[in-house]
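Some notes on the structure that comes next.
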Number of protein chains: 2
Amino acid sequence: MARAEEEAACLEQTQRYCVQRPIYNQELLQGQLHRRQRTPQTLGQKIAQSCRCSSKKAKSHLYSFLPILKWLPRYPVKEYLLGDIISGVSTGIMQLPQGLAYALLAAVPPVFGLYSSFYPVFLYTFFGTSRHISIGTFAVVSMMIGGVAVREVPEEIIPLDFNSTNITDVLEYYSAKDTKRVQVAVALAFLSGLIQLCLGFLRFGFVAIYLTEPLVRGFTTAAAVHVFVSQLKYLLGIQTCRYSGPLSVVYTLAAVFSKITTTNIAALIVGLTCIVLLLIGKTINLRFKKKLPVPIPMEIIVVIIGTGVSAGMNLNESYKVNIVGNIPQGLRAPAVPEIHLSPAILGDAVAIAIVGFSMAVSMAKIFALKHGYTINGNQELIALGICNSVGSFFQTFPVTCSMSRSLVQESTGGKTQIAGALSAVMVLLVIVAIGYLFEPLPQAVLAGIVMVNLKGMLKQFKDISRFWRTSKIELAIWVVAFVASLFLGLDYGLLTAVTFAIITVIYRTQSPEYRILGQIPNTDIYCDVEEYEEVKEYPGIKIFQANTSLYFANSESYRNALKKKTGVDPSALLAARRKAQKRHAREIKAANEHRKKAVLKLVSSSTNDVEASAKHEIASDDLPVNGKFADSSVQDTSLDEHEHFVEPKTNIHSLILDFTPVNFVDSVGAKTLKLIIKKYNEVGVYVCIASCSDPVTNEMTRLNFFDKSVTRELLFHSIHDAVLACQVKHGSAAQADSNL
Amino acid sequence: MARAEEEAACLEQTQRYCVQRPIYNQELLQGQLHRRQRTPQTLGQKIAQSCRCSSKKAKSHLYSFLPILKWLPRYPVKEYLLGDIISGVSTGIMQLPQGLAYALLAAVPPVFGLYSSFYPVFLYTFFGTSRHISIGTFAVVSMMIGGVAVREVPEEIIPLDFNSTNITDVLEYYSAKDTKRVQVAVALAFLSGLIQLCLGFLRFGFVAIYLTEPLVRGFTTAAAVHVFVSQLKYLLGIQTCRYSGPLSVVYTLAAVFSKITTTNIAALIVGLTCIVLLLIGKTINLRFKKKLPVPIPMEIIVVIIGTGVSAGMNLNESYKVNIVGNIPQGLRAPAVPEIHLSPAILGDAVAIAIVGFSMAVSMAKIFALKHGYTINGNQELIALGICNSVGSFFQTFPVTCSMSRSLVQESTGGKTQIAGALSAVMVLLVIVAIGYLFEPLPQAVLAGIVMVNLKGMLKQFKDISRFWRTSKIELAIWVVAFVASLFLGLDYGLLTAVTFAIITVIYRTQSPEYRILGQIPNTDIYCDVEEYEEVKEYPGIKIFQANTSLYFANSESYRNALKKKTGVDPSALLAARRKAQKRHAREIKAANEHRKKAVLKLVSSSTNDVEASAKHEIASDDLPVNGKFADSSVQDTSLDEHEHFVEPKTNIHSLILDFTPVNFVDSVGAKTLKLIIKKYNEVGVYVCIASCSDPVTNEMTRLNFFDKSVTRELLFHSIHDAVLACQVKHGSAAQADSNL
C-alpha cells in the first residue's frame with residue numbers, strides 16, 4: 001500500500017512516468033498472479049442454451065426476419081409520410097428509364113427490366129433493414145447477366161432483325177433467342193437469390209469483408225468501362241455481335257470500330273442530345289441542390305422527349321433508328337425458373353450474388369452510419385436472396401441496390417422502406433397501364449442514360465493517384481482488380497482480385513521489416529537504431545524485432561534476417577570453431593614434430609610456431625565472435641588472419657527477440673524459435689524473448705515449446721525487463737569468470 | 001548523467017526495474033529525437049551497383065552456379081573417399097529396384113526408371129549444393145506422373161497384353177501406348193525442369209515456404225495411400241484399368257475388389273514373401289544400426305532372389321505371373337521431348353515441379369542442419385531444373401530426392417556429391433551390361449518393394465493425434481491436405497491444401513481475441529482482466545486490445561467487438577440522447593401546458609412531471625453512459641427505466657486502444673479507426689492509441705490519418721503512458737468542471 005501511495009504521489013508531483021518493480025519474467029509473474037476460476041460451459045450446456053426457446057427469443061427472431069413488423073406499427077405518419085411519398089415518386093421515375101436501359105445491358109427485352117424494377121423492390125420493403133437504399137436494376141450486375149446470357153445463347157442462332165416492324169417476326173424473335181436469354185437471366189436470379197439466402201441463413205454475411213474498398217472501386221471502374229463500351233453500338237446505331245468472356249471488351253471495341261462507317265447519324269444525334277441534356281440536368285441538380293425541393297427528374301424528361309420525337313418523326317422507319325420495340329401490357333403469370341440451366345451458370349450466379357450483396361451492403365452501411373441506425377448484414381443477404389429468388393418466379397433478373405437511385409431516394413427525403421414500396425407501385429402503374437407508350441423510344445436514348453450514369457464510376461480513375469500517395473499495396477489491389485475485371489471478364493476478374501487481395505495480406509506478414517532496437521537513454525523505450533541518433537545499443541546485447549507473427553511462411557526468413565542483422569551466424573561460427581580446433585591440433589602436432597627436429601638443430605628457431613599455435617587456441621576457445629568467418633578455404637594463415645581470429649570485434653552475450661508484434665505462432669515457427677535458441681546457446685549467446693503475449697505463450701505451450709532447456713524464464717514482460725535481466729546475468733557470469 | 005548513474009545504482013542495489021521519465025506521446029517523443037540522416041540510393045545508383053561487374057563477383061556467380069568447382073578441388077581424398085564409395089554403392093544398389101518399381105508407378109516401361117536413376121543423378125553432382133540427398137525416382141512424383149500419363153493416354157487404346165511373350169507383340173505394345181506414355185512423362189520432365197529453372201533464376205525458391213509441415217505430411221500420407229492402392233493389383237497379379245483424376249483411388253479399390261477372385265496365387269505368395277523379407281531386413285538394419293558397417297541391402301537381395309526364383313521356376317509361363325519384361329540393353333540416343341504436349345500437361349508440370357523441389361529442399365535442409373553446412377534454395381531449384389530438363393532429352397521422367405535413399409546415403413557415410421555420382425555409375429553399369437538379367441523379375445516383387453518403402457509415410461497417420469494436442473488449425477491443414485489429395489487427386493489436392501493453408505493465416509488475423517486489459521497493481525503491466533484475479537481496471541478508463549493487425553477483413557468486427565467489450569455504443573448513445581432531448585422538449589412543452597392548466601387548478605399536482613423531465617435532462621447531458629440503451633421502442637417510461645437513464649453505472653471518460661499487436665494498417669483500417677475516434681469523441685469519450693509502432697505510424701501518416709482533430713498526441717508510447725495521461729487529462733478536466 002505504501003508503495004502505491006508513493007507512486008501516486010510521484011505522479012501528482014511531477015506528472016511523470018515512474019515505475020519501480022521487480023524484473024519480471026513469465027515464471028516470476030505467473031507465480032505472483034492467480035488465475036480466475038472459470039468453469040467453462042460444457043458442450044451440452046452450450047447446445048441447451050442455444051436451443052432454449054422462449055417467446056421473447058421467437059419474437060426477436062421474427063422481428064429480425066421480417067423487420068417490417070417492427071417499424072411499420074410505429075410508423076410516424078405525420079412526420080415521415082410526405083418525405084417518403086416525394087422520395088418514392090422521384091425514385092420510381094428513375095426506375096423506369098434505368099429498368100429499360102439495364103435490360104438492354106442484360107441482353108433481355110426491355111419489359112423484363114420493368115418487372116425487375118417492381119417485384120424485388122416491393123419484396124425488399126418487407127425484409128430489408130436499410131431504410132434508404134433503392135433496390136432494383138444495376139448496371140454492373142446487368143452487365144454480368146448480359147455476359148452470361150450471351151455466352152449461353154450466342155448471337156449467331158438467329159440473324160439480328162430487331163428492326164423488323166412485322167409483329168410476328170418480333171414475336172418469333174422473342175420466342176427463340178430472347179426467350180432463351182430471359183430463361184438464363186431468370187435462372188441466374190433464382191440461383192443467385194438462393195445462394196444469397198443460404199449465405200444469409202449460414203450467417204456468412206462476412207464474406208463481403210474480403211471486398212475491400214480498393215478492390216470494389218477497381219472492379220466497378222472496370223465494370224463501368226465494360227458498360228460504356230457495350231453501349232457504344234446503341235449510341236452509334238450500328239449492328240455488331242455481343243461478346244462475352246475474356247477480352248470481350250477488346251473484341252467489342254474492335255467490332256464497333258470496324259463498323260463505324262455504318263453509324264446511324266440520326267441515332268447518334270438523338271443519343272448525344274440526350275447525353276448533353278442529362279449532363280446539364282446533373283449539373284443543375286448539383287449546383288442548386290439546396291434551392292430545389294426535389295431534383296429535376298431529367299431522365300424521365302429525356303425519355304418522354306425522346307419517345308415523343310421518335311414517334312412524331314417516325315425515326316424507326318424513316319431513319320432506321322433502333323427503338324425499344326414491343327412492351328407487352330400487364331404482368332406475366334408466375335412460372336418456375338429453368339433450374340436445369342444451373343450447372344452451366346453456377347459460377348456466374350455465385351459472382352453475381354456476391355457482387356450484388358456487397359454493393360447493397362456497402363451502400364446500406366454508408367446510409368446507416370449517416371442516419372444513426374444499424375443494418376444487419378445477414379438479414380440484408382436474406383432480403384436480397386428473397387428479392388432475387390422469389391422475384392425469379394415472376395421473370396425478373398438479378399437485382400441489387402443502384403448507387404444513383406439510392407442517392408436520389410435519400411436526398412429527396414426518404415425516411416423508411418415505404419419510399420421503396422411507392423417507387424415499386426409507380427413502376428407497376430407503368431407496366432399495367434402505359435408501358436406501350438415507350439415502344440417508340442430510341443435505344444440511343446437509353447444508351448445515353450446508361451452512359452451518363454457511369455460518370456461517377458468512371459471518375460474513380462482518380463483513385464490511382466490517391467492510392468499512389470497513400471498505399472502502394474492498395475494501388476496494386478485496385479490495378480489488379482481493374483485490369484483483371486476489364487480483360488478477364490467481371491467474374492474471373494472478381495475472383496482474381498479477391499485472391500490477390502488475400503495474397504497481399506500474406507505478403508505483408510511474410511516480408512516484414514527486420515530491425516535492431518536500441519534504447520533511448522534514461523528511458524525504457526526501445527527504437528530502431530538506424531532511425532534516430534539518440535538511440536544506443538547496450539554493449540553485448542542485441543535486440544531483434546520483426547513486425548510480424550512467426551509462422552510457416554516467414555520462419556525461414558526470420559532466421560536468416562536474425563543472422564544478418566545481428567552479425568552472428570551460429571552454424572558458421574561452429575564450423576569455423578571446429579576447423580580451428582582441428583587445425584590447432586594439426587599445428588600442435590606439427591609444432592611438436594618441428595620441435596623434435598629443432599631440438600636436433602637449434603633451440604631458438606621454433607618459438608614463432610609455438611606462438612602461432614597458442615593464438616589459435618585462444619581463437620577456438622573464445623566463443624562469441626562477431627561476423628562471418630573468412631572463407632574456410634584459407635589454408636595458409638597469414639598474420640592478418642590471425643588477428644581476425646583472435647580479436648572478436650563485438651562480444652555479444654545476449655540476444656533479445658522482441659515478440660511484441662507476434663500475434664500467433666505455428667509449429668514451424670515454434671520449431672524455428674527453439675532451433676534459434678539452441679544454436680545460439682551453443683555458441684554462448686543467451687537468447688531470451690520479450691513481450692510475448694499471453695495467447696502466444698499458451699500457443700507455444702501447446703506446441704511443446706517449453707521443456708527442460710527452454711523454460712518460461714526466457715520470457716520477459718518487456719524489452720527493458722529482458723535487458724536488465726541480461727545485464728544482471730552477464731554481470732554475475734563475468735564476476736564468476738573473474739573469480740575463477 | 002546524474003540520473004543515469006542514479007538509475008544504474010538503483011539497478012545494482014535492488015536488481016529491480018526502475019524507470020522515471022516524462023509521459024511520452026509520439027509528438028513529445030519525436031520532438032526529443034533526431035532522425036538519422038540517410039541519403040537513400042537513387043534508382044540509378046542501385047542499378048549501377050547491381051550491374052557492376054568484377055572478377056570477384058563473376059567468380060562467386062560461377063561458384064554458385066557450379067558448386068562442384070568449389071568443392072571438388074578441395075576434396076580431401078584420404079578422409080572422404082572411402083565413405084563416399086561405400087555410400088555410393090549402397091545407394092546405387094537401392095536405385096536399381098526403386099527405379100524399376102517407380103517406373104511401374106509412373107506407367108512407363110521399367111527401363112525408363114533406370115534412365116531416370118542415372119542421368120539426373122549424375123547431373124546433380126555438378127549443380128547441387130546438398131551433399132547428402134539422393135536424387136532419383138521418388139514414389140509420390142512417380143505417382144503424379146502416372147496419373148498424367150494415364151489421363152493423357154488412357155488404358156483403353158490397346159487391350160492389356162503385357163503377358164505376351166512374343167517379342168514383336170511387346171515391341172508393338174511399346175510402340176503405341178507405352179511410347180505415348182513415355183512421351184508424356186518425358187515432356188513432363190522437360191516442362192517441370194524448365195519451370196524449376198525459371199523459378200530458380202527468378203529467385204523464387206521461397207515458394208516452398210507455403211508447403212508448411214502439416215501440409216506436406218498430409219499430402220505425402222495421401223500420396224502413400226494412392227501408391228499403396230495402385231500397387232495392390234501388381235501384388236495380387238490381377239488385371240485392372242488404371243484410373244486417374246478425382247476419386248481415382250476409390251475407382252481403383254473398387255476395381256481391385258471386383259476382380260479379387262482372379263488373384264494370381266503365385267504372384268501373391270512371391271509378393272508377400274518379399275514384403276516379409278524386406279520388413280525383417282528393415283528391422284534388423286534398425287536394431288543393429290551401430291554394429292553393422294553398412295545396412296543389409298535387402299532390396300537388391302530380394303530382387304536377385306525374386307529374379308532367380310522366377311527364372312528358375314519359369315513363373316511367367318507356368319503360373320502366369322506378370323514379370324518386368326523387356327529391358328533393352330544400352331542407352332538411347334538423345335531426342336527432343338514432345339513439346340507439343342505442353343498445353344495439356346502444364347498444370348501437372350507446375351505441381352510436379354513444386355512438389356519435387358519442396359521434397360528435395362526439405363530433405364536437404366535437414367541434412368545441412370545436421371552436418372553444419374548451408375544449402376542454397378535457389379541453386380537447388382536450378383540444379384533440379386537442369387536434372388529434369390536436360391535429363392528429359394535422354395528419356396527420363398521427373399525426379400527429385402527420395403527419402404529412403406537419402407537416409408541410406410547419409411547413414412552409410414556419404415560425405416559429398418561424389419557418393420551420388422558413384423550410385424549413378426552403378427546404375428549405368430546395370431543399364432549397359434546386365435539389365436536384361438532382371439527381365440524375369442516378377443512385378444509382385446517390385447510392388448512389395450514399393451509398399452514396404454511406404455511404411456514411413458503411412459506412419460504419418462500418427463500425426464493426427466499429435467496435431468490434435470498441439471494445434472487444431474494445423475490439424476485442419478493436415479486433414480484438408482490429406483482428404484483433398486486422396487479424393488481430388490494429388491494435383492488439385494495440393495492446390496486445395498495450399499489455398500487452405502493461406503486461408504488459415506487470414507483466418508487467424510481476421511478472428512482475433514478481443515480483450516479488455518487492466519493493470520497489475522503497482523506495476524506498468526497490463527493483462528486481460530478476465531484472466532487474473534489481481535488485475536484491476538482504472539475507473540473511467542477502458543483498455544481494449546485485439547491481437548491482430550487492423551485491415552479490411554477485420555475492421556468491421558474490431559468496431560463491433562469494441563462496442564461490445566467496452567459496453568459503449570456511440571451510435572445508440574447518440575440516438576438515445578437525441579430521443580431523450582426530443583422527449584424532454586415535448587415533456588417540457590406538456591409540462592408547461594399542464595402547468596398552465598394546473599395554475600387554473602391546483603399548484604401541487606404538476607411537480608412529478610417536472611421532476612421527470614429534469615431527470616431526462618441529466619440523462620441527455622451526462623454523456624458517458626454505460627451499456628446499450630433499452631430498446632428505442634420503449635414509449636412509456638416507467639420509473640425503472642428512468643433510473644437506467646439517470647444513473648450511468650460506469651463513467652468511461654477514456655478509451656485506450658492497445659496497438660501493440662498491430663503490424664500494419666490499410667486504408668479501411670485507418671478509416672475505421674478515425675471513425676471510432678470521432679464517434680466516441682462525440683459522446684465525450686477520449687480515445688487514444690497506445691504502443692503504435694513506427695512502421696504503423698508511418699503507414700497511417702501516408703493514409704492521411706492525422707489531421708487537425710486527430711493528431712500524433714493521441715499516440716502514446718505504452719499503455720501505461722496513455723493511462724497516466726488520461727488520468728491527468730481527466731483530473732484537470734474534472735478540476736476545471738468543479739471550478740466552474
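Lettering and numbering for the C-alpha cells are positional, with chains as A, B, ... in the shown order, residues counted from 1 in each chain, and ligands counted from 1 in the shown order.
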I'd like the neighbourhood of Ala484 (chain A) as a PDB file with N, CA and C atoms, in the first residue's frame, where a residue qualifies if any of its atoms comes within 12 Å (using only C-alpha atoms), though same-chain residues fewer than 6 positions away should be ignored.
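Final file, selection.pdb:
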```pdb
ATOM      1  N   LEU A 215     -10.494  -2.773 -53.962  1.00  0.00           N
ATOM      2  CA  LEU A 215     -10.933  -3.861 -54.842  1.00  0.00           C
ATOM      3  C   LEU A 215     -12.273  -3.502 -55.485  1.00  0.00           C
ATOM      4  N   GLY A 218     -11.815  -0.618 -57.995  1.00  0.00           N
ATOM      5  CA  GLY A 218     -11.180  -1.069 -59.236  1.00  0.00           C
ATOM      6  C   GLY A 218     -12.148  -1.896 -60.067  1.00  0.00           C
ATOM      7  N   PHE A 219     -12.867  -2.771 -59.370  1.00  0.00           N
ATOM      8  CA  PHE A 219     -13.809  -3.651 -60.043  1.00  0.00           C
ATOM      9  C   PHE A 219     -14.936  -2.846 -60.702  1.00  0.00           C
ATOM     10  N   THR A 220     -15.515  -1.905 -59.971  1.00  0.00           N
ATOM     11  CA  THR A 220     -16.629  -1.152 -60.550  1.00  0.00           C
ATOM     12  C   THR A 220     -16.151  -0.229 -61.668  1.00  0.00           C
ATOM     13  N   THR A 221     -14.910   0.257 -61.555  1.00  0.00           N
ATOM     14  CA  THR A 221     -14.390   1.070 -62.647  1.00  0.00           C
ATOM     15  C   THR A 221     -14.294   0.233 -63.920  1.00  0.00           C
ATOM     16  N   ALA A 222     -13.776  -0.965 -63.766  1.00  0.00           N
ATOM     17  CA  ALA A 222     -13.694  -1.854 -64.925  1.00  0.00           C
ATOM     18  C   ALA A 222     -15.092  -2.147 -65.462  1.00  0.00           C
ATOM     19  N   ALA A 223     -16.044  -2.375 -64.547  1.00  0.00           N
ATOM     20  CA  ALA A 223     -17.411  -2.649 -64.979  1.00  0.00           C
ATOM     21  C   ALA A 223     -17.954  -1.462 -65.752  1.00  0.00           C
ATOM     22  N   GLY A 245     -17.033 -13.074 -72.012  1.00  0.00           N
ATOM     23  CA  GLY A 245     -15.829 -13.814 -71.635  1.00  0.00           C
ATOM     24  C   GLY A 245     -14.586 -12.960 -71.723  1.00  0.00           C
ATOM     25  N   PRO A 246     -13.411 -13.594 -71.539  1.00  0.00           N
ATOM     26  CA  PRO A 246     -12.158 -12.845 -71.553  1.00  0.00           C
ATOM     27  C   PRO A 246     -11.977 -12.031 -72.826  1.00  0.00           C
ATOM     28  N   LEU A 247     -11.431 -10.864 -72.681  1.00  0.00           N
ATOM     29  CA  LEU A 247     -11.112  -9.962 -73.797  1.00  0.00           C
ATOM     30  C   LEU A 247     -12.342  -9.470 -74.546  1.00  0.00           C
ATOM     31  N   VAL A 249     -14.133  -7.017 -74.058  1.00  0.00           N
ATOM     32  CA  VAL A 249     -14.135  -5.573 -74.222  1.00  0.00           C
ATOM     33  C   VAL A 249     -13.311  -5.182 -75.455  1.00  0.00           C
ATOM     34  N   ALA A 476      -2.002  -1.517 -55.867  1.00  0.00           N
ATOM     35  CA  ALA A 476      -1.843  -2.787 -56.583  1.00  0.00           C
ATOM     36  C   ALA A 476      -3.164  -3.544 -56.622  1.00  0.00           C
ATOM     37  N   ILE A 477      -3.884  -3.560 -55.496  1.00  0.00           N
ATOM     38  CA  ILE A 477      -5.178  -4.244 -55.475  1.00  0.00           C
ATOM     39  C   ILE A 477      -6.130  -3.581 -56.473  1.00  0.00           C
ATOM     40  N   TRP A 478      -6.161  -2.256 -56.472  1.00  0.00           N
ATOM     41  CA  TRP A 478      -7.036  -1.519 -57.405  1.00  0.00           C
ATOM     42  C   TRP A 478      -6.699  -1.899 -58.843  1.00  0.00           C
ATOM     43  N   LEU A 490     -15.896  -9.881 -65.792  1.00  0.00           N
ATOM     44  CA  LEU A 490     -16.161  -9.466 -64.417  1.00  0.00           C
ATOM     45  C   LEU A 490     -16.076 -10.622 -63.429  1.00  0.00           C
ATOM     46  N   ASP A 491     -16.476 -11.843 -63.835  1.00  0.00           N
ATOM     47  CA  ASP A 491     -16.488 -12.969 -62.901  1.00  0.00           C
ATOM     48  C   ASP A 491     -15.070 -13.407 -62.518  1.00  0.00           C
ATOM     49  N   TYR A 492     -14.273 -13.752 -63.563  1.00  0.00           N
ATOM     50  CA  TYR A 492     -12.894 -14.151 -63.276  1.00  0.00           C
ATOM     51  C   TYR A 492     -12.106 -12.996 -62.685  1.00  0.00           C
ATOM     52  N   GLY A 493     -12.453 -11.801 -63.122  1.00  0.00           N
ATOM     53  CA  GLY A 493     -11.774 -10.620 -62.606  1.00  0.00           C
ATOM     54  C   GLY A 493     -11.972 -10.499 -61.112  1.00  0.00           C
ATOM     55  N   LEU A 494     -13.206 -10.706 -60.683  1.00  0.00           N
ATOM     56  CA  LEU A 494     -13.500 -10.601 -59.251  1.00  0.00           C
ATOM     57  C   LEU A 494     -12.725 -11.662 -58.475  1.00  0.00           C
ATOM     58  N   LEU A 495     -12.736 -12.879 -59.009  1.00  0.00           N
ATOM     59  CA  LEU A 495     -12.029 -13.976 -58.348  1.00  0.00           C
ATOM     60  C   LEU A 495     -10.544 -13.648 -58.222  1.00  0.00           C
ATOM     61  N   THR A 496      -9.956 -13.201 -59.346  1.00  0.00           N
ATOM     62  CA  THR A 496      -8.540 -12.853 -59.338  1.00  0.00           C
ATOM     63  C   THR A 496      -8.267 -11.762 -58.314  1.00  0.00           C
ATOM     64  N   ALA A 497      -9.141 -10.761 -58.300  1.00  0.00           N
ATOM     65  CA  ALA A 497      -8.915  -9.619 -57.412  1.00  0.00           C
ATOM     66  C   ALA A 497      -8.984 -10.048 -55.952  1.00  0.00           C
ATOM     67  N   VAL A 498      -9.979 -10.895 -55.622  1.00  0.00           N
ATOM     68  CA  VAL A 498     -10.108 -11.338 -54.227  1.00  0.00           C
ATOM     69  C   VAL A 498      -8.888 -12.159 -53.832  1.00  0.00           C
ATOM     70  N   THR A 499      -8.472 -13.068 -54.719  1.00  0.00           N
ATOM     71  CA  THR A 499      -7.277 -13.862 -54.444  1.00  0.00           C
ATOM     72  C   THR A 499      -6.078 -12.951 -54.212  1.00  0.00           C
ATOM     73  N   PHE A 500      -5.956 -11.969 -55.077  1.00  0.00           N
ATOM     74  CA  PHE A 500      -4.818 -11.058 -54.955  1.00  0.00           C
ATOM     75  C   PHE A 500      -4.860 -10.292 -53.637  1.00  0.00           C
TER      76      PHE A 500
END
```
_Which residues are near region 336-342 of chain B? Cut-off 9 Å, only C-alpha atoms, ignore same chain within fewer than 5 positions. Put them as number ranges by chain._
B: 183-184, 186-191, 349, 392-395
Residues flagged alpha helix (DSSP H) by DSSP in region 323-426 of chain B, as a PyMOL selection string | chain B and resi 342-371+377-392+403-411+418-426
**Prompt:** Got a sec to pull out which chain A residues are within 6 Å of chain B, counting only C-alpha atoms, and send them as a list in words?
**Reply:**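 Putting it all together, I get Ala4, Arg16, Tyr17, Cys18, Val19, Gln20, Arg21, Pro22, Ile23, His34, Arg35, Arg36, Ile209, Tyr210, Thr212, Gly372, Thr470, Asn522, Glu531, Tyr532, Glu533, Asn547, Phe552, Ala553, Ser571, Pro661, Asn663, Arg702 and Leu703 of chain A.
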Those residues with N, CA, C and O atoms, as a compact mmCIF listing (two decimals), in the first residue's frame please?
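Once everything was written out, this is again-v3.txt:
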```txt
# COMPACT_ATOMS: atom_id res chain seq x y z
N ALA A 4 2.17 2.08 -3.37
CA ALA A 4 1.14 2.61 -4.26
C ALA A 4 0.94 4.10 -3.99
O ALA A 4 0.86 4.90 -4.91
N ARG A 16 5.01 12.56 -14.13
CA ARG A 16 6.00 11.77 -14.84
C ARG A 16 5.61 10.30 -14.82
O ARG A 16 4.68 9.90 -14.14
N TYR A 17 6.36 9.54 -15.59
CA TYR A 17 6.14 8.10 -15.65
C TYR A 17 7.15 7.49 -14.70
O TYR A 17 8.35 7.55 -14.96
N CYS A 18 6.70 6.98 -13.56
CA CYS A 18 7.65 6.37 -12.64
C CYS A 18 7.19 4.96 -12.29
O CYS A 18 6.04 4.76 -11.91
N VAL A 19 8.07 4.04 -12.43
CA VAL A 19 7.75 2.65 -12.13
C VAL A 19 8.92 2.06 -11.36
O VAL A 19 10.08 2.29 -11.69
N GLN A 20 8.59 1.35 -10.31
CA GLN A 20 9.62 0.62 -9.60
C GLN A 20 9.04 -0.74 -9.28
O GLN A 20 8.02 -0.85 -8.60
N ARG A 21 9.65 -1.77 -9.77
CA ARG A 21 9.10 -3.11 -9.56
C ARG A 21 10.18 -4.14 -9.82
O ARG A 21 11.24 -3.80 -10.37
N PRO A 22 9.95 -5.40 -9.45
CA PRO A 22 10.97 -6.42 -9.76
C PRO A 22 11.09 -6.60 -11.27
O PRO A 22 10.22 -6.20 -12.03
N ILE A 23 12.20 -7.19 -11.68
CA ILE A 23 12.33 -7.57 -13.09
C ILE A 23 11.48 -8.81 -13.29
O ILE A 23 11.66 -9.80 -12.60
N HIS A 34 -2.92 -14.99 -9.66
CA HIS A 34 -3.86 -16.11 -9.53
C HIS A 34 -4.83 -16.09 -10.68
O HIS A 34 -5.47 -15.08 -10.93
N ARG A 35 -4.91 -17.19 -11.35
CA ARG A 35 -5.85 -17.28 -12.46
C ARG A 35 -7.26 -17.26 -11.92
O ARG A 35 -7.57 -17.90 -10.93
N ARG A 36 -8.13 -16.53 -12.58
CA ARG A 36 -9.54 -16.55 -12.22
C ARG A 36 -10.10 -17.93 -12.49
O ARG A 36 -9.80 -18.54 -13.51
N ILE A 209 -16.53 -8.74 -46.43
CA ILE A 209 -15.35 -8.02 -45.95
C ILE A 209 -14.15 -8.23 -46.85
O ILE A 209 -13.25 -7.41 -46.89
N TYR A 210 -14.15 -9.33 -47.59
CA TYR A 210 -13.00 -9.54 -48.48
C TYR A 210 -13.01 -8.56 -49.64
O TYR A 210 -12.00 -8.39 -50.31
N THR A 212 -12.54 -5.48 -50.25
CA THR A 212 -12.04 -4.25 -49.66
C THR A 212 -12.27 -3.09 -50.63
O THR A 212 -12.48 -3.29 -51.82
N GLY A 372 -27.61 7.11 -38.36
CA GLY A 372 -27.58 6.59 -37.00
C GLY A 372 -28.51 5.42 -36.73
O GLY A 372 -29.09 5.32 -35.67
N THR A 470 -1.02 7.13 -50.96
CA THR A 470 -1.31 6.58 -49.63
C THR A 470 -0.76 5.16 -49.43
O THR A 470 -0.16 4.88 -48.41
N ASN A 522 18.08 6.65 -20.61
CA ASN A 522 17.31 7.02 -19.41
C ASN A 522 15.81 6.74 -19.53
O ASN A 522 15.01 7.33 -18.83
N GLU A 531 17.19 4.52 -37.00
CA GLU A 531 16.24 5.59 -37.24
C GLU A 531 16.65 6.89 -36.56
O GLU A 531 16.61 7.95 -37.17
N TYR A 532 17.06 6.80 -35.30
CA TYR A 532 17.30 8.01 -34.52
C TYR A 532 18.74 8.07 -34.02
O TYR A 532 19.34 7.04 -33.71
N GLU A 533 19.23 9.29 -33.89
CA GLU A 533 20.62 9.48 -33.45
C GLU A 533 20.80 9.12 -31.99
O GLU A 533 21.84 8.63 -31.59
N ASN A 547 8.37 -7.17 -37.52
CA ASN A 547 6.99 -6.77 -37.26
C ASN A 547 5.99 -7.72 -37.91
O ASN A 547 5.24 -7.36 -38.82
N PHE A 552 4.73 -20.49 -40.74
CA PHE A 552 5.46 -21.23 -41.77
C PHE A 552 6.01 -20.38 -42.90
O PHE A 552 7.08 -20.64 -43.41
N ALA A 553 5.28 -19.31 -43.25
CA ALA A 553 5.70 -18.57 -44.44
C ALA A 553 6.86 -17.62 -44.17
O ALA A 553 7.43 -17.08 -45.12
N SER A 571 25.96 -21.43 -37.08
CA SER A 571 26.49 -22.57 -37.84
C SER A 571 27.89 -22.28 -38.34
O SER A 571 28.81 -23.08 -38.18
N PRO A 661 5.30 -7.80 -31.70
CA PRO A 661 4.41 -7.85 -32.85
C PRO A 661 3.91 -9.26 -33.18
O PRO A 661 3.19 -9.43 -34.15
N ASN A 663 1.57 -12.17 -33.05
CA ASN A 663 0.19 -12.44 -32.63
C ASN A 663 -0.16 -13.91 -32.63
O ASN A 663 -1.12 -14.31 -32.01
N ARG A 702 1.18 -25.28 -25.90
CA ARG A 702 0.51 -26.40 -26.58
C ARG A 702 1.42 -27.04 -27.61
O ARG A 702 1.35 -28.24 -27.86
N LEU A 703 2.27 -26.24 -28.23
CA LEU A 703 3.17 -26.77 -29.27
C LEU A 703 4.41 -27.41 -28.66
O LEU A 703 5.39 -27.67 -29.37
```
What separates CA of His594 (chain B) and CA of Ala580 (chain B) is a distance of 19.5 Å
_I'd like the neighbourhood of Tyr80 (chain B) as JSON, numbers by chain, where a residue qualifies if any of its atoms comes within 10 Å (using only C-alpha atoms), though same-chain residues fewer than 2 positions away should be ignored._
{"B": [75, 76, 77, 78, 82, 83, 84, 85, 413, 414, 415, 416, 418, 419]}
- If you measure from CA of Val685 (chain A) to CA of Ala585 (chain A), what distance in Å do you get, rounded to one decimal?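 CA of Ala585 (chain A) lies 25.7 Å from CA of Val685 (chain A).
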Residues near Met298 (chain B), cut-off 9 Å, only C-alpha atoms, skip fewer than 5 positions along chain, as a short mmCIF file (atom, residue, chain, number, x, y, z; two decimals) with N, CA and C atoms, in the first residue's frame:
```cif
data_model
loop_
_atom_site.label_atom_id
_atom_site.label_comp_id
_atom_site.auth_asym_id
_atom_site.auth_seq_id
_atom_site.Cartn_x
_atom_site.Cartn_y
_atom_site.Cartn_z
N MET B 94 20.23 -49.44 -54.16
CA MET B 94 18.83 -49.13 -53.94
C MET B 94 18.19 -48.49 -55.16
N LEU B 277 10.32 -60.47 -46.08
CA LEU B 277 11.79 -60.38 -46.07
C LEU B 277 12.25 -58.93 -45.87
N LEU B 278 11.61 -58.02 -46.61
CA LEU B 278 12.02 -56.62 -46.53
C LEU B 278 11.77 -56.05 -45.14
N ILE B 280 11.66 -57.72 -42.35
CA ILE B 280 12.69 -58.29 -41.46
C ILE B 280 14.00 -57.55 -41.64
N GLY B 281 14.35 -57.33 -42.89
CA GLY B 281 15.60 -56.62 -43.20
C GLY B 281 15.61 -55.25 -42.55
N LYS B 282 14.50 -54.51 -42.71
CA LYS B 282 14.41 -53.17 -42.13
C LYS B 282 14.60 -53.22 -40.62
N VAL B 303 15.44 -58.64 -54.90
CA VAL B 303 15.33 -58.61 -56.36
C VAL B 303 16.07 -59.80 -56.97
#
```
- [ ] Compare B:Gly92, B:Gly669, B:Gly146, B:Gly200 by their minimum atom-to-atom distance to Asp178 (chain B), counting only C-alpha atoms, and give me the closest one.
- [x]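 Using only C-alpha atoms, the shortest distance to Asp178 (chain B) belongs to B:Gly146.
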